[in-house]
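Data file: upload-v8.cif. Format and content: mmCIF, C-alpha atoms and all ligand atoms.
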data_final
loop_
_atom_site.label_atom_id
_atom_site.label_comp_id
_atom_site.auth_asym_id
_atom_site.auth_seq_id
_atom_site.Cartn_x
_atom_site.Cartn_y
_atom_site.Cartn_z
CA MET A 1 98.91 96.25 -11.24
CA SER A 2 101.13 94.89 -13.99
CA ASN A 3 98.61 92.03 -14.47
CA HIS A 4 96.12 94.74 -15.02
CA THR A 5 98.09 96.02 -18.00
CA LYS A 6 98.44 92.58 -19.57
CA ILE A 7 94.72 91.93 -19.60
CA LEU A 8 93.87 95.19 -21.27
CA PRO A 9 94.79 94.81 -24.90
CA GLY A 10 94.40 97.90 -26.95
CA THR A 11 93.84 100.34 -24.10
CA GLY A 12 95.29 103.78 -24.50
CA ARG A 13 98.20 105.17 -22.55
CA GLY A 14 99.15 108.68 -21.67
CA THR A 15 97.20 111.82 -21.05
CA SER A 16 94.47 111.98 -23.63
CA GLU A 17 93.72 108.30 -24.04
CA ALA A 18 93.67 107.23 -20.45
CA GLY A 19 89.97 107.81 -19.77
CA GLY A 20 88.84 106.04 -22.92
CA GLY A 21 91.23 103.20 -22.26
CA ALA A 22 89.79 102.73 -18.80
CA GLN A 23 86.37 102.13 -20.29
CA ALA A 24 87.78 99.19 -22.18
CA ILE A 25 88.15 97.11 -18.99
CA SER A 26 85.59 94.35 -19.01
CA ALA A 27 83.99 93.20 -15.80
CA ALA A 28 85.73 89.86 -16.21
CA SER A 29 89.17 91.47 -16.39
CA ASP A 30 88.70 94.01 -13.61
CA PRO A 31 91.06 92.91 -10.82
CA HIS A 32 88.83 94.62 -8.25
CA LEU A 33 85.67 92.67 -8.99
CA PRO A 34 83.24 92.29 -6.11
CA LEU A 35 84.21 89.31 -4.01
CA HIS A 36 80.71 88.01 -3.96
CA HIS A 37 77.85 88.14 -6.42
CA PRO A 38 74.17 87.47 -5.71
CA SER A 39 74.48 84.41 -7.95
CA ASP A 40 77.13 82.99 -5.60
CA GLY A 41 74.42 82.25 -3.04
CA PRO A 42 73.60 83.89 0.28
CA PRO A 43 76.08 86.50 1.58
CA PRO A 44 78.31 85.59 4.51
CA PRO A 45 76.80 86.06 7.97
CA LEU A 46 77.17 89.49 9.52
CA GLY A 47 77.84 90.57 13.10
CA GLU A 48 80.31 88.48 15.10
CA ASP A 49 81.43 86.60 11.99
CA ARG A 50 82.62 89.75 10.29
CA ARG A 51 84.54 91.28 13.21
CA GLN A 52 87.57 89.30 12.11
CA ASP A 53 87.71 91.38 8.89
CA PHE A 54 88.16 94.60 10.89
CA PRO A 55 91.52 94.98 12.66
CA GLY A 56 90.22 98.10 14.44
CA LEU A 57 87.65 96.03 16.33
CA THR A 58 89.89 94.81 19.10
CA PRO A 59 88.54 92.02 21.36
CA GLY A 60 86.23 93.29 24.08
CA TRP A 61 85.71 96.69 22.47
CA HIS A 62 82.11 97.54 21.56
CA TYR A 63 82.20 100.12 18.80
CA LEU A 64 78.82 101.84 18.57
CA ASP A 65 79.86 104.96 16.68
CA THR A 66 79.70 103.78 13.08
CA ALA A 67 77.45 106.73 12.13
CA ALA A 68 80.45 108.99 12.88
CA THR A 69 82.85 106.86 10.90
CA ALA A 70 82.95 103.16 10.06
CA GLN A 71 85.81 100.82 10.93
CA LYS A 72 87.74 99.60 7.88
CA PRO A 73 87.88 96.01 6.65
CA GLN A 74 91.31 94.57 5.89
CA ALA A 75 90.38 94.56 2.17
CA VAL A 76 90.15 98.36 2.23
CA ILE A 77 93.37 98.71 4.20
CA ASP A 78 95.15 96.40 1.72
CA ALA A 79 93.78 98.32 -1.26
CA THR A 80 95.04 101.63 0.13
CA VAL A 81 98.42 100.18 1.12
CA ASN A 82 98.91 98.81 -2.40
CA ALA A 83 97.74 102.03 -4.01
CA MET A 84 100.06 104.06 -1.79
CA GLY A 85 103.02 101.69 -2.19
CA ARG A 86 103.46 99.02 -4.82
CA ASP A 87 101.16 100.63 -7.42
CA TYR A 88 101.55 104.31 -6.62
CA ALA A 89 101.70 106.90 -9.42
CA THR A 90 99.68 109.89 -10.53
CA VAL A 91 96.69 109.59 -12.84
CA HIS A 92 95.64 111.15 -16.13
CA ARG A 93 99.08 112.64 -16.84
CA GLY A 94 101.80 110.04 -16.95
CA VAL A 95 103.11 108.72 -20.25
CA TYR A 96 104.72 105.81 -18.42
CA ALA A 97 103.13 102.45 -17.77
CA ARG A 98 102.68 102.76 -13.98
CA SER A 99 100.72 105.99 -14.36
CA ALA A 100 98.60 104.61 -17.18
CA ASP A 101 97.84 101.56 -15.03
CA MET A 102 96.92 103.76 -12.11
CA THR A 103 94.64 105.81 -14.36
CA LEU A 104 92.86 102.62 -15.40
CA ALA A 105 92.47 101.53 -11.80
CA TYR A 106 91.24 104.98 -10.76
CA GLU A 107 88.60 105.11 -13.49
CA ALA A 108 87.62 101.51 -12.77
CA ALA A 109 87.08 102.62 -9.17
CA ARG A 110 84.80 105.39 -10.39
CA ARG A 111 82.75 102.86 -12.38
CA ARG A 112 82.42 100.47 -9.44
CA ILE A 113 81.39 103.21 -7.04
CA ALA A 114 78.90 104.64 -9.55
CA ALA A 115 77.40 101.20 -10.17
CA PHE A 116 76.96 100.70 -6.41
CA ILE A 117 74.42 103.57 -6.33
CA GLY A 118 72.87 102.80 -9.71
CA ALA A 119 74.67 105.67 -11.45
CA LYS A 120 76.61 106.10 -14.66
CA GLU A 121 80.32 106.75 -14.23
CA ASP A 122 80.20 110.24 -15.76
CA GLN A 123 77.53 111.24 -13.25
CA ILE A 124 79.71 111.04 -10.15
CA VAL A 125 82.18 113.64 -8.99
CA PHE A 126 84.85 112.63 -6.49
CA VAL A 127 84.88 115.17 -3.66
CA ARG A 128 86.39 115.18 -0.17
CA GLY A 129 83.12 114.10 1.40
CA ALA A 130 79.44 114.96 1.71
CA THR A 131 80.35 118.36 3.13
CA GLU A 132 82.27 119.31 0.00
CA ALA A 133 79.56 117.84 -2.25
CA ILE A 134 76.89 120.03 -0.70
CA ASN A 135 79.17 123.09 -0.81
CA LEU A 136 79.77 122.39 -4.50
CA VAL A 137 76.05 122.49 -5.30
CA ALA A 138 75.32 125.41 -2.97
CA TYR A 139 78.06 127.57 -4.50
CA SER A 140 77.93 126.45 -8.10
CA HIS A 141 74.18 126.29 -8.65
CA PRO A 142 73.11 128.87 -11.23
CA ARG A 143 69.65 129.44 -9.67
CA LYS A 144 70.46 130.46 -6.09
CA GLY A 145 67.13 131.29 -4.49
CA ARG A 146 65.17 129.77 -1.63
CA VAL A 147 66.18 126.40 -0.28
CA LEU A 148 63.93 124.26 1.91
CA LEU A 149 65.89 122.35 4.57
CA SER A 150 64.55 120.40 7.53
CA VAL A 151 64.95 120.68 11.28
CA LEU A 152 67.00 117.48 11.44
CA GLU A 153 69.76 118.41 8.99
CA HIS A 154 73.45 118.01 9.77
CA HIS A 155 75.32 121.33 9.83
CA SER A 156 76.87 120.25 6.49
CA ASN A 157 73.44 120.59 4.96
CA ILE A 158 72.71 123.96 6.58
CA VAL A 159 75.82 126.13 6.68
CA PRO A 160 76.86 125.80 2.98
CA TRP A 161 73.48 127.17 1.87
CA GLN A 162 73.78 130.08 4.31
CA LEU A 163 77.35 130.84 3.23
CA ALA A 164 76.50 130.71 -0.45
CA GLY A 165 73.71 133.26 0.02
CA TRP A 166 70.58 131.10 -0.25
CA GLN A 167 67.43 132.06 1.64
CA VAL A 168 66.78 129.18 4.00
CA ASP A 169 63.33 127.88 4.94
CA VAL A 170 62.87 125.06 7.41
CA CYS A 171 60.51 122.09 7.22
CA PRO A 172 59.28 120.77 10.60
CA LEU A 173 59.34 117.16 11.78
CA THR A 174 56.57 114.73 12.59
CA ALA A 175 56.06 113.78 16.24
CA ASP A 176 58.31 110.73 15.83
CA GLY A 177 61.15 112.70 14.25
CA CYS A 178 60.75 112.25 10.51
CA ILE A 179 60.79 115.08 7.97
CA ASP A 180 57.14 116.10 7.68
CA LEU A 181 56.47 115.93 3.95
CA ASP A 182 52.87 117.10 4.38
CA ALA A 183 54.28 120.29 5.90
CA ALA A 184 56.87 120.49 3.10
CA GLU A 185 54.09 120.34 0.55
CA LYS A 186 52.43 123.37 2.17
CA LEU A 187 55.70 125.31 2.56
CA LEU A 188 57.02 124.88 -0.98
CA THR A 189 56.44 127.74 -3.42
CA SER A 190 57.59 128.60 -6.92
CA GLU A 191 60.33 130.71 -5.27
CA HIS A 192 62.06 127.56 -4.08
CA THR A 193 64.77 126.39 -6.42
CA MET A 194 66.16 123.71 -4.10
CA VAL A 195 65.05 121.25 -1.43
CA ALA A 196 67.87 119.60 0.53
CA PHE A 197 67.02 116.78 2.95
CA ALA A 198 68.87 113.95 4.69
CA HIS A 199 67.99 110.48 3.42
CA VAL A 200 68.59 109.15 6.95
CA SER A 201 69.03 111.42 9.99
CA ASN A 202 72.44 111.06 11.65
CA VAL A 203 70.80 111.61 15.07
CA LEU A 204 67.40 109.94 14.86
CA GLY A 205 67.94 107.41 12.09
CA SER A 206 64.71 108.63 10.46
CA PRO A 207 64.44 107.49 6.86
CA LEU A 208 63.01 109.83 4.20
CA ASP A 209 60.54 108.97 1.48
CA VAL A 210 62.83 110.37 -1.23
CA ALA A 211 60.45 109.67 -4.10
CA ARG A 212 57.72 111.74 -2.49
CA ALA A 213 60.15 114.54 -1.59
CA ALA A 214 61.29 114.59 -5.24
CA GLU A 215 57.73 114.76 -6.47
CA LEU A 216 56.96 117.70 -4.14
CA ALA A 217 60.12 119.59 -5.10
CA HIS A 218 59.64 119.08 -8.82
CA ARG A 219 56.00 120.13 -8.63
CA VAL A 220 57.11 123.70 -7.78
CA GLY A 221 60.08 123.67 -10.17
CA ALA A 222 62.69 123.07 -7.44
CA GLU A 223 65.44 120.45 -7.46
CA LEU A 224 66.08 117.93 -4.70
CA LEU A 225 69.48 117.33 -3.11
CA ILE A 226 69.74 114.31 -0.85
CA ASP A 227 72.37 114.06 1.87
CA GLY A 228 72.91 110.32 1.73
CA CYS A 229 75.73 110.07 4.27
CA GLN A 230 73.86 107.78 6.66
CA ALA A 231 71.80 106.00 4.02
CA VAL A 232 74.44 104.67 1.63
CA PRO A 233 76.08 102.41 4.27
CA ARG A 234 72.77 100.91 5.42
CA LEU A 235 70.07 101.07 2.73
CA PRO A 236 69.99 99.99 -0.90
CA VAL A 237 70.38 103.24 -2.87
CA ASP A 238 69.52 103.49 -6.55
CA VAL A 239 69.79 107.13 -7.54
CA ALA A 240 68.11 106.52 -10.89
CA ALA A 241 65.00 105.18 -9.13
CA LEU A 242 64.92 107.71 -6.27
CA GLY A 243 64.08 110.67 -8.51
CA CYS A 244 66.33 113.19 -6.77
CA ASP A 245 68.61 115.59 -8.66
CA TYR A 246 71.74 115.44 -6.48
CA TYR A 247 72.95 112.78 -4.05
CA ALA A 248 75.91 113.27 -1.70
CA PHE A 249 77.80 110.84 0.54
CA SER A 250 81.12 110.33 2.32
CA GLY A 251 83.39 107.33 1.78
CA HIS A 252 84.51 106.96 5.39
CA LYS A 253 80.99 106.12 6.58
CA LEU A 254 80.82 103.40 3.93
CA TYR A 255 83.81 101.50 5.38
CA GLY A 256 86.15 103.41 3.03
CA PRO A 257 88.91 105.94 3.67
CA THR A 258 88.49 109.52 4.83
CA GLY A 259 89.07 112.31 2.32
CA ILE A 260 86.83 110.96 -0.42
CA GLY A 261 83.14 111.21 -1.12
CA VAL A 262 80.75 111.42 -4.00
CA LEU A 263 78.41 113.94 -5.52
CA TRP A 264 76.03 112.27 -7.96
CA SER A 265 73.84 114.17 -10.39
CA ASP A 266 72.38 113.59 -13.83
CA LYS A 267 72.43 117.38 -14.27
CA LEU A 268 76.15 118.05 -13.84
CA ASP A 269 76.29 119.65 -17.29
CA ALA A 270 74.09 122.48 -16.01
CA LEU A 271 76.54 123.36 -13.21
CA PRO A 272 79.50 125.64 -13.87
CA PRO A 273 82.85 124.66 -12.32
CA TRP A 274 83.39 125.86 -8.79
CA GLN A 275 87.13 125.41 -8.25
CA GLY A 276 89.74 126.10 -10.89
CA GLY A 277 93.10 124.45 -11.43
CA GLY A 278 94.82 121.60 -13.17
CA SER A 279 92.90 118.64 -14.61
CA MET A 280 89.54 120.40 -14.91
CA ILE A 281 90.34 122.23 -18.13
CA ASP A 282 90.20 121.57 -21.82
CA ARG A 283 92.37 124.53 -22.94
CA VAL A 284 93.85 127.46 -21.04
CA THR A 285 95.00 130.82 -22.42
CA PHE A 286 95.30 134.08 -20.55
CA ALA A 287 92.36 135.36 -22.57
CA LYS A 288 90.00 132.46 -21.92
CA THR A 289 89.79 128.97 -20.45
CA ALA A 290 87.62 126.18 -21.82
CA TYR A 291 86.62 123.56 -19.26
CA ALA A 292 86.59 119.80 -19.47
CA PRO A 293 83.20 118.08 -19.53
CA ALA A 294 81.63 116.84 -16.29
CA PRO A 295 82.65 115.21 -14.03
CA THR A 296 86.27 116.20 -14.77
CA ARG A 297 85.57 119.90 -14.62
CA PHE A 298 84.58 119.56 -10.94
CA GLU A 299 87.77 117.71 -10.02
CA ALA A 300 90.45 120.41 -9.99
CA GLY A 301 93.95 119.34 -8.96
CA THR A 302 95.53 115.94 -8.37
CA PRO A 303 92.69 113.72 -7.18
CA ALA A 304 92.46 111.52 -4.10
CA ILE A 305 93.86 108.51 -5.98
CA VAL A 306 94.58 106.26 -3.02
CA GLU A 307 91.28 107.10 -1.39
CA ALA A 308 89.30 106.38 -4.57
CA LEU A 309 90.83 102.91 -4.79
CA GLY A 310 90.13 102.38 -1.10
CA LEU A 311 86.51 103.40 -1.54
CA ALA A 312 86.11 101.05 -4.48
CA ALA A 313 87.41 98.23 -2.28
CA ALA A 314 84.87 99.25 0.38
CA VAL A 315 82.07 99.14 -2.17
CA ASP A 316 83.21 95.67 -3.23
CA TYR A 317 83.28 94.53 0.38
CA VAL A 318 79.81 95.90 1.14
CA SER A 319 78.45 94.41 -2.11
CA ALA A 320 79.87 91.06 -1.08
CA MET A 321 78.02 91.26 2.24
CA GLY A 322 74.84 92.47 0.49
CA ILE A 323 73.35 95.83 1.38
CA ASP A 324 69.92 94.27 1.97
CA ALA A 325 71.45 91.87 4.47
CA ILE A 326 73.28 94.76 6.19
CA HIS A 327 70.02 96.71 6.40
CA ALA A 328 68.13 93.75 7.87
CA HIS A 329 70.98 93.06 10.33
CA GLU A 330 71.05 96.66 11.57
CA CYS A 331 67.23 96.83 11.78
CA ALA A 332 67.26 93.77 14.07
CA LEU A 333 69.89 95.38 16.32
CA VAL A 334 67.99 98.69 16.42
CA GLY A 335 64.80 96.81 17.34
CA ALA A 336 66.54 94.90 20.14
CA LEU A 337 68.21 98.02 21.56
CA ARG A 338 65.09 100.18 21.39
CA GLU A 339 63.07 97.48 23.10
CA GLN A 340 65.55 97.19 25.98
CA LEU A 341 65.96 100.95 26.35
CA ALA A 342 62.19 101.42 26.37
CA ARG A 343 62.03 99.22 29.52
CA LYS A 344 64.20 101.69 31.46
CA ASN A 345 62.23 104.45 33.18
CA SER A 346 65.23 106.76 33.17
CA ILE A 347 65.59 106.70 29.38
CA THR A 348 63.93 108.92 26.79
CA LEU A 349 64.16 107.47 23.29
CA PHE A 350 64.26 109.75 20.27
CA GLY A 351 63.42 108.96 16.67
CA PRO A 352 61.00 106.61 14.92
CA GLU A 353 60.60 102.87 15.47
CA ASN A 354 62.02 102.18 12.02
CA SER A 355 65.23 104.18 12.51
CA ALA A 356 67.97 102.96 10.23
CA GLY A 357 70.98 101.79 12.25
CA ILE A 358 70.95 104.71 14.72
CA VAL A 359 69.43 105.10 18.20
CA SER A 360 69.57 108.37 20.15
CA PHE A 361 68.51 108.63 23.77
CA ALA A 362 68.76 110.68 26.95
CA MET A 363 68.98 109.53 30.57
CA ALA A 364 67.19 111.59 33.21
CA GLY A 365 69.60 113.66 35.29
CA VAL A 366 72.76 112.49 33.47
CA HIS A 367 74.57 114.51 30.82
CA PRO A 368 75.26 112.43 27.66
CA HIS A 369 78.98 113.18 28.05
CA ASP A 370 78.92 111.46 31.45
CA ILE A 371 77.09 108.50 29.93
CA GLY A 372 79.73 108.28 27.19
CA THR A 373 82.64 108.54 29.62
CA ILE A 374 81.30 105.85 31.97
CA LEU A 375 80.46 103.54 29.07
CA ASP A 376 83.98 103.98 27.74
CA GLU A 377 85.31 102.54 31.03
CA SER A 378 83.38 99.38 30.15
CA GLY A 379 84.73 99.29 26.61
CA VAL A 380 81.58 100.68 24.99
CA ALA A 381 82.14 103.51 22.52
CA ILE A 382 79.09 105.67 21.81
CA ARG A 383 78.79 109.24 20.61
CA ALA A 384 77.59 111.97 22.95
CA GLY A 385 77.00 115.54 21.86
CA HIS A 386 74.97 117.62 19.45
CA HIS A 387 76.05 115.47 16.48
CA CYS A 388 76.52 118.58 14.29
CA ALA A 389 72.76 119.10 14.46
CA GLN A 390 72.26 121.97 16.89
CA PRO A 391 68.88 123.06 15.43
CA LEU A 392 67.62 119.52 16.03
CA MET A 393 68.90 119.60 19.64
CA ALA A 394 66.98 122.87 20.15
CA HIS A 395 63.88 121.21 18.71
CA LEU A 396 64.27 118.20 21.04
CA GLY A 397 64.87 120.55 23.98
CA VAL A 398 68.19 118.95 24.95
CA PRO A 399 71.80 120.19 24.70
CA ALA A 400 72.98 116.80 23.49
CA THR A 401 71.96 113.17 23.12
CA ALA A 402 73.71 109.86 23.60
CA ARG A 403 73.82 107.97 20.30
CA ALA A 404 74.52 104.34 19.53
CA SER A 405 74.97 103.47 15.86
CA PHE A 406 75.50 100.10 14.25
CA GLY A 407 77.51 98.73 11.36
CA LEU A 408 77.64 95.42 9.56
CA TYR A 409 80.05 94.11 12.22
CA SER A 410 77.85 95.03 15.20
CA ASN A 411 76.23 92.21 17.14
CA ALA A 412 74.00 91.28 20.06
CA ASP A 413 76.98 91.42 22.46
CA ASP A 414 77.35 95.12 21.64
CA VAL A 415 73.72 95.70 22.63
CA THR A 416 74.16 93.70 25.86
CA ALA A 417 77.34 95.60 26.75
CA LEU A 418 75.59 98.91 26.20
CA ILE A 419 72.59 97.94 28.34
CA GLU A 420 74.87 96.65 31.13
CA GLY A 421 76.96 99.81 30.88
CA LEU A 422 73.84 101.96 31.22
CA ALA A 423 72.85 100.03 34.34
CA ARG A 424 76.24 101.01 35.76
CA VAL A 425 75.59 104.66 34.83
CA GLU A 426 72.26 104.43 36.65
CA ARG A 427 73.98 102.97 39.75
CA ILE A 428 76.63 105.71 39.76
CA PHE A 429 74.11 108.53 39.37
CA GLY A 430 71.21 106.81 41.16
C1 LIG A 501 73.82 113.11 7.70
C2 LIG A 501 75.22 113.64 7.54
N1 LIG A 501 75.46 114.58 6.62
C3 LIG A 501 76.69 115.08 6.42
C4 LIG A 501 77.75 114.66 7.17
C5 LIG A 501 79.11 115.23 6.90
O1 LIG A 501 79.96 114.25 6.43
P1 LIG A 501 81.53 114.56 6.24
O2 LIG A 501 81.99 115.19 7.50
O3 LIG A 501 82.13 113.23 5.98
O4 LIG A 501 81.63 115.49 5.05
C6 LIG A 501 77.56 113.69 8.15
C7 LIG A 501 78.67 113.26 9.03
O5 LIG A 501 78.48 112.98 10.19
C8 LIG A 501 76.26 113.16 8.33
O6 LIG A 501 76.02 112.21 9.25
#
As structure tokens, please, write out the structure in this file.
Ligand SMILES: Cc1ncc(COP(=O)(O)O)c(C=O)c1O
Amino acid sequence: MSNHTKILPGTGRGTSEAGGGAQAISAASDPHLPLHHPSDGPPPPLGEDRRQDFPGLTPGWHYLDTAATAQKPQAVIDATVNAMGRDYATVHRGVYARSADMTLAYEAARRRIAAFIGAKEDQIVFVRGATEAINLVAYSHPRKGRVLLSVLEHHSNIVPWQLAGWQVDVCPLTADGCIDLDAAEKLLTSEHTMVAFAHVSNVLGSPLDVARAAELAHRVGAELLIDGCQAVPRLPVDVAALGCDYYAFSGHKLYGPTGIGVLWSDKLDALPPWQGGGSMIDRVTFAKTAYAPAPTRFEAGTPAIVEALGLAAAVDYVSAMGIDAIHAHECALVGALREQLARKNSITLFGPENSAGIVSFAMAGVHPHDIGTILDESGVAIRAGHHCAQPLMAHLGVPATARASFGLYSNADDVTALIEGLARVERIFG
């Protein structure tokens, strides 16, 4: 961190200058630069070759629950250890060098994370995760009216709207489990002020045509919030090009730490603050408080400093691998798994052919929890349950599904182990 100070001539220190000083870091002097640039040539191979970067992936363990939370590369662990130890100090307040350095690193992290999704740094709010991001919009939005959700939404994109007093309408799915945008077009009225859809379903992997959803929402004067939790780790996301109004995601699904996520919007100035406290103010008197501009006015209290630096390291790591390469890698694994599952008479497959990184299925006569427990005995970790999507389970007519989800470290051995494990389940219940 002290190197950081030396290469930043003329940057401000202390409370009021820290943010402006952070902007003075050039890409060349940022100590957290991506490890790999497109100009460096092809990204390193994924799958087996990357397992070595992830200490959580112990030999012989087949982790197929990345949609729940991703394993962390050593680079992220190192970044958080350094931020928590060697470099630790508060941000935005200290008049001493360590705190000013940490402020620079924190704001550099914001820039790197914003750039990863094609955003400007003052358009992203650090939140605890996608859940908090959606709550922020649901509670703070000045035009609470009707919101159109879809059948496949995660509870995080249902319950906040209910709690905040929105009237909820529900868009059906197509036969293969995608949000039916033709139906959305018919359902949307001028009473709708918000549409909130998942970019990728956490159960079915179904990708959304965000541009079309945005066009439909805007046509009736509504805004579009995208729950990007499952998309950001596996698809290239450029919020400026997507056309949505809000985009939410969680850091821990993007190979970063828990306790940090992002709300992006280019309309933050139109939202009033939703939580009050330190940091989010300009001036406080007992008569009246003036708030800081966005995004600061949405970040009340001491921020998740360590987690922000960890997430920036995750973004660097993923950028080094190349998000297009990760997407292609996961698509190949999904294709291979779906093909092998489709050959088993006992298996019902859910979701579209082009599911992004996620495969949900049921086995005739076997509860998904039993599948998960037996697979665990063979070192295969899948998710079994309702996946925080009970309305979708009701729609599918099942209490739960078994779900395998891939990450950049997944490989063909994981698919083989799962298929062999399912054969064992069939033998036990056969
Ligand atoms: C699609 C989707 N939305 C929202 C969430 C909630 O994310 P978090 O619990 O990190 O806030 C998840 C987590 O599983 C998810 O998959």
Inset, instruction - Can you tell me which residues come within 7 Å of ligand LIG 501 (chain A) when counting only C-alpha atoms and all ligand atoms, ideally as JSON, numbers by chain? - result: {"A": [67, 68, 129, 130, 131, 132, 153, 154, 156, 157, 198, 200, 201, 202, 227, 228, 229, 230, 250, 252]}
Inset, instruction - Please identify all polymer residues within 6 Å of stretch 293-307 of chain A, counting all atoms listed in the file, omitting same-chain residues fewer than 3 positions from it, and present them as a list in words. - result: Thr80, Ala83, Asp122, Val125, Pro257, Ile260, Pro273, Gly276, Gly277, Gly278, Ser279, Met280 and Gly310 of chain A
Taking all atoms of stretch 406-424 of chain A that the file lists, what box with edges along x, y and z, padded by 3 Å per side, do you get, with centre and edge lengths in Å to one decimal, as lines of an AutoDock Vina configuration file?
center_x = 76.3
center_y = 96.6
center_z = 22.7
size_x = 13.5
size_y = 16.7
size_z = 32.2
Legend entry - Selection: 7 Å around stretch 342-352 of chain A, only C-alpha atoms, excl. self and same-chain fewer than 4 positions, as a PyMOL selection string: chain A and resi 176-177+204-206+338+360-364
Legend entry - Closest of A:Leu263, A:Leu152, A:Leu408, A:Leu375 to A:Pro172 - atom-to-atom distances counting only C-alpha atoms: A:Leu152
Legend entry - Point-to-point distance from atom CA of A:Glu121 to atom CA of A:Asp78, Å rounded to tenths: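 Separation between atom CA of A:Glu121 and atom CA of A:Asp78: 24.1 Å.
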Inset, instruction - Place a sphere of radius 10 Å on (79.8, 91.6, 24.7) in the file coordinates and name every protein, DNA or RNA residue with an atom inside or on its surface, counting all atoms listed in the file; give the answer as a PyMOL selection string. - result: chain A and resi 59-62+379-380+411-418+420
Inset, instruction - Find the distance between atom CA of A:Tyr106 and atom CA of A:Val91 and write it in Å to one decimal. - result: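 So the two atoms, atom CA of A:Tyr106 and atom CA of A:Val91, lie 7.4 Å apart.
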Inset, instruction - Determine, counting all atoms listed in the file, which protein, DNA and RNA residues have an atom within 8 Å of an atom of A:Ile382; residues of the same chain fewer than 2 positions away are not included. Present the result as an MDAnalysis selection string. - result: chainID A and resid 63:65 372 375:376 380 384 402:405
Inset, instruction - Please identify all polymer residues within 9 Å of A:Asp324, counting only C-alpha atoms, omitting same-chain residues fewer than 2 positions from it, and present them as a ChimeraX atom specification. - result: /A:234-236,321-322,326-329
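Ranking A:Ala314, A:Val195, A:Leu271, A:Ala164 by their shortest atom-to-atom distance to A:Cys244, with only C-alpha atoms included, puts A:Val195 first.
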Legend entry - Nearest residue to A:Ala313 from the set A:Ile134, A:Cys331, A:Leu254, A:Val95 (distances using all atoms listed in the file):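 Going through A:Ile134, A:Cys331, A:Leu254, A:Val95 one by one, the smallest distance to A:Ala313 is for A:Leu254.
Minimum distance to A:Thr103 across A:Leu309, A:Ser190, A:Ala423, A:Gly165 (counting all atoms listed in the file) occurs at A:Leu309.
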Legend entry - Between atom CA of A:Ala108 and atom CA of A:Pro55, distance in Å (one decimal): 26.5 Å
Inset, instruction - Determine, counting only C-alpha atoms, which protein, DNA and RNA residues have an atom within 9 Å of an atom of A:His369; residues of the same chain fewer than 3 positions away are not included. Present the result as JSON, numbers by chain. - result: {"A": [366, 372, 373, 374, 383, 384, 385, 400, 401, 402]}
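Proximity to A:Val159 was assessed for A:Leu392, A:Ala138, A:Leu224, A:Leu337 counting all atoms listed in the file; the smallest distance is recorded for A:Ala138.
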Could you add N, CA and C atoms to stretch 403-414 of chain A and give me the result as a compact mmCIF listing (two decimals), keeping the file's coordinate frame?
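Output file out25.txt is given in full below:
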# COMPACT_ATOMS: atom_id res chain seq x y z
N ARG A 403 74.20 108.64 21.55
CA ARG A 403 73.82 107.97 20.30
C ARG A 403 74.61 106.68 20.12
N ALA A 404 73.87 105.61 19.89
CA ALA A 404 74.52 104.34 19.53
C ALA A 404 74.21 104.09 18.06
N SER A 405 75.22 103.74 17.28
CA SER A 405 74.97 103.47 15.86
C SER A 405 75.69 102.18 15.47
N PHE A 406 75.02 101.44 14.60
CA PHE A 406 75.50 100.10 14.25
C PHE A 406 76.14 100.06 12.87
N GLY A 407 76.94 99.03 12.67
CA GLY A 407 77.51 98.73 11.36
C GLY A 407 77.32 97.26 11.07
N LEU A 408 77.85 96.82 9.95
CA LEU A 408 77.64 95.42 9.56
C LEU A 408 78.33 94.45 10.51
N TYR A 409 79.31 94.96 11.28
CA TYR A 409 80.05 94.11 12.22
C TYR A 409 79.45 94.11 13.62
N SER A 410 78.44 94.95 13.85
CA SER A 410 77.85 95.03 15.20
C SER A 410 77.09 93.74 15.50
N ASN A 411 76.92 93.46 16.79
CA ASN A 411 76.23 92.21 17.14
C ASN A 411 75.50 92.34 18.48
N ALA A 412 74.83 91.26 18.84
CA ALA A 412 74.00 91.28 20.06
C ALA A 412 74.84 91.56 21.30
N ASP A 413 76.11 91.14 21.31
CA ASP A 413 76.98 91.42 22.46
C ASP A 413 77.16 92.92 22.67
N ASP A 414 77.21 93.67 21.54
CA ASP A 414 77.35 95.12 21.64
C ASP A 414 76.13 95.72 22.35
